[in-house]
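Visitor: Input upload-v9.tsv, format and content: TSV, C-alpha atoms.
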chain	number	residue	atom	x	y	z
A	1	MET	CA	0.00	0.00	0.00
A	2	ASP	CA	1.46	3.37	-1.03
A	3	THR	CA	1.13	6.77	0.64
A	4	SER	CA	-1.90	7.86	-1.39
A	5	SER	CA	-3.74	4.64	-0.53
A	6	ARG	CA	-2.95	5.14	3.14
A	7	LEU	CA	-4.27	8.71	2.98
A	8	LEU	CA	-7.55	7.40	1.59
A	9	LEU	CA	-7.60	4.81	4.36
A	10	LEU	CA	-7.17	7.60	6.92
A	11	LEU	CA	-10.13	9.35	5.31
A	12	ASP	CA	-12.28	6.23	5.75
A	13	VAL	CA	-11.32	5.97	9.42
A	14	VAL	CA	-12.20	9.59	10.11
A	15	ALA	CA	-15.44	9.47	8.08
A	16	ARG	CA	-16.70	6.39	9.92
A	17	GLY	CA	-15.45	7.39	13.34
A	18	SER	CA	-13.56	4.23	14.25
A	19	PHE	CA	-10.97	1.72	13.05
A	20	ALA	CA	-13.49	-1.09	13.43
A	21	LYS	CA	-16.11	0.54	11.17
A	22	ALA	CA	-13.49	1.41	8.57
A	23	ALA	CA	-12.28	-2.21	8.65
A	24	THR	CA	-15.84	-3.46	8.13
A	25	TYR	CA	-16.36	-1.07	5.22
A	26	ARG	CA	-13.05	-2.14	3.65
A	27	ASN	CA	-13.62	-5.80	4.50
A	28	ILE	CA	-10.18	-6.11	6.09
A	29	ASP	CA	-8.92	-6.81	9.59
A	30	ARG	CA	-8.82	-3.95	12.10
A	31	SER	CA	-5.15	-4.61	12.79
A	32	VAL	CA	-4.36	-3.93	9.12
A	33	ILE	CA	-5.99	-0.51	9.41
A	34	SER	CA	-4.00	0.33	12.55
A	35	LYS	CA	-0.72	-0.84	11.01
A	36	GLN	CA	-1.21	1.15	7.80
A	37	ILE	CA	-2.10	4.36	9.67
A	38	SER	CA	1.06	3.91	11.77
A	39	ARG	CA	3.11	3.49	8.59
A	40	LEU	CA	1.54	6.64	7.17
A	41	GLU	CA	2.59	8.55	10.28
A	42	ASP	CA	6.12	7.18	9.93
A	43	GLU	CA	6.28	8.15	6.25
A	44	LEU	CA	5.07	11.68	6.92
A	45	GLY	CA	7.05	12.06	10.13
A	46	VAL	CA	4.09	13.46	12.09
A	47	ARG	CA	1.43	12.07	14.42
A	48	LEU	CA	-1.97	12.15	12.75
A	49	LEU	CA	-4.18	10.64	15.44
A	50	ASN	CA	-4.28	10.77	19.21
A	51	ARG	CA	-5.45	7.27	20.08
A	52	THR	CA	-7.06	5.76	23.17
A	53	THR	CA	-8.30	2.21	23.65
A	54	ARG	CA	-11.81	3.16	22.49
A	55	SER	CA	-11.52	6.32	20.41
A	56	PHE	CA	-9.22	8.72	18.60
A	57	SER	CA	-8.96	12.40	17.76
A	58	LEU	CA	-7.19	14.20	14.96
A	59	THR	CA	-4.04	16.15	15.62
A	60	ALA	CA	-3.54	19.48	13.86
A	61	ALA	CA	-1.37	17.71	11.30
A	62	GLY	CA	-3.99	14.97	10.96
A	63	ALA	CA	-6.71	17.51	10.18
A	64	GLU	CA	-4.55	18.97	7.42
A	65	MET	CA	-3.84	15.52	5.99
A	66	VAL	CA	-7.56	14.73	5.94
A	67	LYS	CA	-8.15	17.84	3.80
A	68	LYS	CA	-5.46	16.68	1.38
A	69	ALA	CA	-6.95	13.18	1.35
A	70	GLU	CA	-10.35	14.64	0.39
A	71	GLU	CA	-8.70	16.54	-2.46
A	72	LEU	CA	-6.93	13.34	-3.54
A	73	ARG	CA	-10.15	11.34	-3.55
A	74	ALA	CA	-11.90	14.01	-5.62
A	75	LEU	CA	-8.98	14.10	-8.09
A	76	LEU	CA	-8.96	10.32	-8.44
A	77	GLY	CA	-12.73	10.31	-8.95
A	78	ASP	CA	-12.48	12.94	-11.67
A	79	THR	CA	-9.67	11.02	-13.36
A	80	ILE	CA	-11.62	7.77	-13.40
A	81	GLN	CA	-14.72	9.53	-14.64
A	82	LEU	CA	-12.78	11.19	-17.46
A	83	ALA	CA	-11.42	7.83	-18.57
A	84	GLU	CA	-14.84	6.18	-18.36
A	85	ASN	CA	-16.37	8.81	-20.60
A	86	TYR	CA	-14.16	7.51	-23.42
A	87	HIS	CA	-15.70	4.06	-23.18
A	88	ARG	CA	-18.31	3.32	-25.79
A	89	GLU	CA	-19.85	0.74	-23.52
A	90	PRO	CA	-20.51	1.68	-19.87
A	91	ARG	CA	-18.57	-0.42	-17.41
A	92	GLY	CA	-17.33	-0.44	-13.83
A	93	MET	CA	-19.04	-0.27	-10.44
A	94	LEU	CA	-22.30	1.60	-9.84
A	95	LYS	CA	-23.09	2.13	-6.14
A	96	ILE	CA	-26.68	2.99	-5.28
A	97	THR	CA	-28.48	3.58	-1.99
A	98	THR	CA	-32.17	3.98	-1.22
A	99	SER	CA	-34.84	2.89	1.25
A	100	ILE	CA	-35.81	-0.76	1.56
A	101	ASN	CA	-39.30	-0.43	0.06
A	102	ILE	CA	-38.26	1.73	-2.89
A	103	GLY	CA	-35.20	-0.41	-3.54
A	104	ARG	CA	-37.00	-3.73	-3.61
A	105	ARG	CA	-40.12	-2.57	-5.41
A	106	TYR	CA	-38.83	-0.09	-7.98
A	107	ILE	CA	-35.04	0.14	-8.25
A	108	GLN	CA	-34.21	-3.59	-8.29
A	109	PRO	CA	-36.26	-4.33	-11.45
A	110	ILE	CA	-34.58	-1.41	-13.22
A	111	ILE	CA	-31.16	-2.75	-12.20
A	112	ASN	CA	-32.03	-6.16	-13.62
A	113	ASP	CA	-32.99	-4.69	-16.99
A	114	PHE	CA	-30.01	-2.31	-16.97
A	115	GLN	CA	-27.51	-5.14	-16.47
A	116	LYS	CA	-29.08	-7.08	-19.32
A	117	ARG	CA	-28.37	-4.09	-21.55
A	118	PHE	CA	-24.95	-3.31	-20.07
A	119	PRO	CA	-23.44	-6.53	-18.66
A	120	GLN	CA	-20.06	-4.89	-17.98
A	121	VAL	CA	-21.58	-2.69	-15.26
A	122	GLU	CA	-21.50	-4.09	-11.72
A	123	VAL	CA	-24.12	-2.77	-9.29
A	124	GLU	CA	-23.91	-2.53	-5.53
A	125	LEU	CA	-27.31	-1.72	-4.00
A	126	TYR	CA	-27.38	-0.61	-0.36
A	127	LEU	CA	-30.86	-0.61	1.21
A	128	ASP	CA	-31.35	1.35	4.42
A	129	ASP	CA	-34.29	3.39	5.72
A	130	GLN	CA	-31.81	5.58	7.61
A	131	LEU	CA	-30.03	8.34	5.71
A	132	VAL	CA	-26.47	7.45	4.78
A	133	ASP	CA	-23.58	9.74	3.87
A	134	ILE	CA	-23.48	9.54	0.09
A	135	VAL	CA	-20.04	11.10	-0.30
A	136	SER	CA	-18.13	9.19	2.37
A	137	GLY	CA	-19.91	5.99	1.37
A	138	GLY	CA	-18.72	6.40	-2.21
A	139	PHE	CA	-22.24	6.21	-3.65
A	140	ASP	CA	-22.92	7.30	-7.22
A	141	LEU	CA	-26.68	7.70	-6.80
A	142	ALA	CA	-29.24	7.83	-4.03
A	143	PHE	CA	-33.02	7.78	-4.29
A	144	ARG	CA	-34.95	9.39	-1.45
A	145	VAL	CA	-38.43	10.67	-0.75
A	146	GLY	CA	-38.32	14.38	0.02
A	147	GLU	CA	-35.91	17.18	-0.70
A	148	VAL	CA	-32.48	16.97	0.90
A	149	LYS	CA	-31.01	19.72	3.06
A	150	ASP	CA	-27.40	18.93	2.13
A	151	SER	CA	-26.53	21.71	-0.32
A	152	SER	CA	-23.37	19.89	-1.46
A	153	LEU	CA	-25.48	17.26	-3.26
A	154	ILE	CA	-27.24	17.59	-6.60
A	155	ALA	CA	-30.97	16.77	-6.31
A	156	ARG	CA	-33.23	15.99	-9.26
A	157	LYS	CA	-36.94	15.27	-8.96
A	158	ILE	CA	-37.87	11.88	-10.41
A	159	ALA	CA	-41.62	11.65	-9.83
A	160	ARG	CA	-44.44	13.00	-7.71
A	161	ASN	CA	-45.76	11.02	-4.78
A	162	ARG	CA	-49.34	11.88	-3.82
A	163	LEU	CA	-51.29	10.63	-0.82
A	164	VAL	CA	-54.36	8.41	-0.59
A	165	LEU	CA	-56.73	7.53	2.27
A	166	LEU	CA	-57.36	3.77	2.33
A	167	ALA	CA	-59.54	1.38	4.29
A	168	ALA	CA	-60.48	-2.28	3.89
A	169	PRO	CA	-64.10	-3.24	3.06
A	170	GLU	CA	-64.25	-4.93	6.48
A	171	PHE	CA	-63.30	-1.63	8.13
A	172	ILE	CA	-66.11	0.19	6.29
A	173	GLU	CA	-68.62	-2.53	7.25
A	174	THR	CA	-67.59	-2.22	10.90
A	175	TYR	CA	-67.16	1.53	11.31
A	176	GLY	CA	-68.95	3.04	8.31
A	177	THR	CA	-67.46	5.47	5.79
A	178	PRO	CA	-66.19	8.86	7.03
A	179	GLU	CA	-68.16	11.60	5.28
A	180	SER	CA	-65.94	14.55	6.15
A	181	MET	CA	-62.35	15.19	7.23
A	182	GLU	CA	-63.60	16.09	10.71
A	183	ASP	CA	-65.03	12.57	11.04
A	184	LEU	CA	-61.54	11.04	10.93
A	185	ILE	CA	-60.91	11.78	14.60
A	186	ASN	CA	-63.59	9.20	15.45
A	187	TYR	CA	-62.05	6.36	13.40
A	188	PRO	CA	-59.04	4.17	14.33
A	189	ALA	CA	-56.00	4.95	12.21
A	190	ALA	CA	-52.60	3.42	11.44
A	191	SER	CA	-49.87	6.07	11.15
A	192	TYR	CA	-46.16	6.45	10.55
A	193	ALA	CA	-43.89	7.08	13.53
A	194	SER	CA	-40.12	6.89	13.95
A	195	GLN	CA	-37.50	8.40	16.23
A	196	HIS	CA	-37.35	11.46	13.98
A	197	MET	CA	-40.92	11.90	12.72
A	198	LYS	CA	-44.46	11.25	13.88
A	199	ILE	CA	-47.55	11.70	11.71
A	200	ASP	CA	-50.69	12.36	13.75
A	201	SER	CA	-52.76	14.44	11.33
A	202	VAL	CA	-53.86	14.82	7.71
A	203	HIS	CA	-53.14	18.02	5.78
A	204	TYR	CA	-55.64	19.10	3.13
A	205	PHE	CA	-57.18	22.13	1.40
A	206	ASN	CA	-60.66	23.40	2.16
A	207	GLU	CA	-63.14	24.90	-0.32
A	208	LYS	CA	-61.29	28.23	-0.15
A	209	ASN	CA	-58.04	26.42	-0.97
A	210	GLU	CA	-56.73	27.17	2.50
A	211	THR	CA	-54.38	24.67	4.16
A	212	CYS	CA	-56.07	22.75	6.96
A	213	GLU	CA	-54.96	20.07	9.39
A	214	GLN	CA	-57.12	17.30	10.77
A	215	LYS	CA	-55.96	15.24	13.75
A	216	ILE	CA	-56.40	11.48	13.59
A	217	LYS	CA	-56.87	8.83	16.28
A	218	SER	CA	-53.86	6.60	15.80
A	219	VAL	CA	-54.23	3.15	17.34
A	220	PHE	CA	-51.21	1.66	15.56
A	221	ARG	CA	-47.90	3.32	14.75
A	222	CYS	CA	-44.94	1.92	12.85
A	223	ASN	CA	-41.84	3.14	11.00
A	224	ASP	CA	-42.48	0.86	8.01
A	225	GLY	CA	-44.97	1.74	5.29
A	226	GLU	CA	-45.74	-1.85	4.28
A	227	ALA	CA	-46.54	-2.72	7.89
A	228	LEU	CA	-49.07	0.13	7.92
A	229	LEU	CA	-50.71	-1.24	4.77
A	230	ILE	CA	-50.89	-4.69	6.36
A	231	LYS	CA	-52.63	-3.13	9.36
A	232	ALA	CA	-55.16	-1.46	7.05
A	233	LEU	CA	-55.73	-4.78	5.25
A	234	SER	CA	-56.74	-6.31	8.59
A	235	GLY	CA	-59.80	-4.04	8.68
A	236	THR	CA	-58.93	-2.60	12.09
A	237	ALA	CA	-57.63	0.82	10.99
A	238	PHE	CA	-57.55	3.18	8.03
A	239	VAL	CA	-54.26	4.53	6.69
A	240	LEU	CA	-52.99	7.66	4.96
A	241	ALA	CA	-50.41	6.27	2.55
A	242	PRO	CA	-48.08	7.59	-0.16
A	243	ALA	CA	-49.19	6.30	-3.54
A	244	LEU	CA	-45.82	4.63	-4.18
A	245	LEU	CA	-46.58	2.10	-1.43
A	246	VAL	CA	-49.71	0.83	-3.17
A	247	GLN	CA	-49.42	-2.25	-5.37
A	248	ASN	CA	-52.50	-4.30	-6.27
A	249	GLU	CA	-54.45	-3.74	-3.04
A	250	VAL	CA	-56.91	-1.28	-4.63
A	251	THR	CA	-57.38	-3.02	-7.99
A	252	ASP	CA	-58.01	-6.31	-6.14
A	253	GLY	CA	-60.60	-4.67	-3.90
A	254	LEU	CA	-58.62	-5.29	-0.72
A	255	LEU	CA	-58.40	-1.57	0.07
A	256	VAL	CA	-60.79	1.21	-0.92
A	257	PRO	CA	-59.96	4.93	-1.29
A	258	PHE	CA	-62.36	7.17	0.65
A	259	LEU	CA	-63.01	10.91	1.03
A	260	THR	CA	-61.80	11.16	-2.54
A	261	HIS	CA	-63.56	14.51	-3.05
A	262	VAL	CA	-61.11	16.16	-0.62
A	263	LYS	CA	-57.99	17.85	-1.99
A	264	LEU	CA	-55.07	16.33	-0.07
A	265	LYS	CA	-51.76	18.08	0.28
A	266	ASN	CA	-49.06	16.38	-1.81
A	267	TYR	CA	-46.58	14.15	-0.07
A	268	ASN	CA	-42.81	14.44	-0.59
A	269	ASP	CA	-41.70	13.63	-4.13
A	270	LEU	CA	-39.07	11.07	-5.09
A	271	TYR	CA	-35.63	12.57	-5.78
A	272	ALA	CA	-32.37	11.30	-7.22
A	273	LEU	CA	-29.23	12.57	-5.48
A	274	TYR	CA	-25.63	12.52	-6.61
A	275	PRO	CA	-22.41	14.22	-5.51
A	276	HIS	CA	-21.20	15.69	-8.84
A	277	ARG	CA	-22.84	17.41	-11.81
A	278	ASP	CA	-20.67	15.58	-14.35
A	279	LEU	CA	-21.95	12.03	-14.13
A	280	PRO	CA	-19.99	9.06	-15.52
A	281	VAL	CA	-21.62	7.35	-18.49
A	282	ARG	CA	-22.92	4.39	-16.48
A	283	THR	CA	-24.44	6.65	-13.81
A	284	ARG	CA	-26.08	8.95	-16.34
A	285	LEU	CA	-27.56	6.03	-18.28
A	286	PHE	CA	-28.94	4.46	-15.11
A	287	PHE	CA	-30.39	7.78	-13.98
A	288	ASP	CA	-32.14	8.08	-17.36
A	289	ALA	CA	-33.43	4.50	-17.06
A	290	VAL	CA	-34.96	5.26	-13.65
A	291	LYS	CA	-36.57	8.45	-14.88
A	292	ASP	CA	-37.98	6.71	-17.96
A	293	HIS	CA	-39.39	3.87	-15.87
A	294	LEU	CA	-40.73	5.83	-12.89
A	295	GLY	CA	-40.84	9.48	-13.76
A	296	LYS	CA	-43.22	9.61	-16.64
A	297	GLU	CA	-46.01	12.18	-16.73
A	298	THR	CA	-47.99	9.75	-14.60
A	299	PRO	CA	-45.78	7.87	-12.10
A	300	ILE	CA	-45.91	4.12	-12.42
A	301	TRP	CA	-47.37	3.66	-8.92
A	302	GLU	CA	-50.44	5.77	-9.73
A	303	SER	CA	-51.53	3.16	-12.28
A	304	ALA	CA	-52.22	0.85	-9.32
A	305	ILE	CA	-55.10	3.13	-8.23
A	306	PRO	CA	-57.89	3.36	-10.86
A	307	ASN	CA	-58.79	6.94	-11.88
A	308	PHE	CA	-56.24	8.31	-9.43
A	309	ASP	CA	-55.74	11.42	-11.55
A	310	LYS	CA	-59.30	12.44	-10.59
A	311	LEU	CA	-59.04	11.59	-6.90
A	312	TYR	CA	-58.09	13.95	-4.06
A	313	GLN	CA	-57.99	16.96	-6.40
A	314	GLY	CA	-60.82	18.90	-4.72
Could you quickly redo this structure as structure tokens?

Guide:
Amino acid sequence: MDTSSRLLLLLDVVARGSFAKAATYRNIDRSVISKQISRLEDELGVRLLNRTTRSFSLTAAGAEMVKKAEELRALLGDTIQLAENYHREPRGMLKITTSINIGRRYIQPIINDFQKRFPQVEVELYLDDQLVDIVSGGFDLAFRVGEVKDSSLIARKIARNRLVLLAAPEFIETYGTPESMEDLINYPAASYASQHMKIDSVHYFNEKNETCEQKIKSVFRCNDGEALLIKALSGTAFVLAPALLVQNEVTDGLLVPFLTHVKLKNYNDLYALYPHRDLPVRTRLFFDAVKDHLGKETPIWESAIPNFDKLYQG
């Protein structure tokens, strides 16, 4: 391992916060990481890290070396990208991250078709409902619901993602059909809740096109959208769901949209994120494939809800 490789290794250690996590990411033994960082310090003649048994901190020299390592990584990335742009056929590794539901349901089928067309492209798909650091993780593309606050990333809207109120026929037989938004407070609901977000109301527009908020009576909360749909299918709660979660439940009559005359506020759209404006050929082609498949005038998931273009428009 040469000096430049050791600098990039130092960058991985700092980005992940520990030798152990960097070793896991690199798929090498922790002792190898420690030995290579020590060799880097010997080569440079300065101490880069103040180490304890459980943690480390950067020295002043270490902080400067990390800056240089970031510049080196960017330069290497640009060099590789420049070379790849001369290839007629896209090749190399394409690293993608997205949520579990979106990845399994929408991105995986696109990957399968993409690799049939371009067999020299390898794909690494990382599924995680928690946000990951795209840059330090070395990802080429990320797909997320909602705009991203990180101004260093490029964000492109792929497709809209509207909301729908759903209940099972058994639920309607048991509780009746809500006739107004105010009625919702009297009906059991399944709602999304995580450590960072809790949904306990429905946002909509009244007849004057003013934004309104209606509280709901949540009897079941979960941080997984498919689990909320399963709860609604049981007939024991209604659910406010993003359209991209719906598959064949409505067309098969298992779930029924209700209060469709109400104009619901749009949910967060689906975005593609990437770290650089100049995309390598393989990344650009995959981005186009996703947009063609999902981001048409009518998103593919809306076809799973009959006449959805006329529902919840007020």

Visitor: Near A:Asn161, counting only C-alpha atoms, which residues have an atom at most 10 Å away, once you skip same-chain residues fewer than 6 positions from it, shown as JSON, numbers by chain?

Guide: {"A": [145, 146, 241, 242, 243, 244, 245, 266, 267, 268, 269, 270, 299, 301, 302]}

Visitor: So, counting only C-alpha atoms, which residue among A:Thr260, A:Asn186, A:Thr79, A:Gln120 is closest to A:Ala237?

Guide: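 Selected residue with least distance to A:Ala237: A:Asn186.
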
Visitor: Select, from A:Ala15, A:Ala63, A:Ala74, A:Leu40, the residue with the minimum atom-to-atom distance to A:Asp133, counting all atoms listed in the file.

Guide: A:Ala15

Visitor: Axis-aligned box over every listed atom of stretch 231-248 of chain A, padded by 6 Å per side: centre and edges in Å to one decimal, as JSON?

Guide:
{"center_x": -52.8, "center_y": 0.7, "center_z": 2.9, "size_x": 26.0, "size_y": 26.0, "size_z": 30.4}

Visitor: Please determine, counting all atoms listed in the file, which residue among A:Gly137, A:Gly45, A:Gly62, A:Gly314 has the shortest atom-to-atom distance to A:Lys21.

Guide: A:Gly137

Visitor: Please indicate the distance in Å from atom CA of A:Ile33 to atom CA of A:Leu8, rounded to one decimal place.

Guide: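 So the answer is 11.2 Å.
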
Visitor: Pick out the closest residue to A:Ser57 from this set: A:Ala69, A:Leu10, A:Ala22, A:Val256. Count all atoms listed in the file.

Guide: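 The closest residue to A:Ser57 is A:Leu10.
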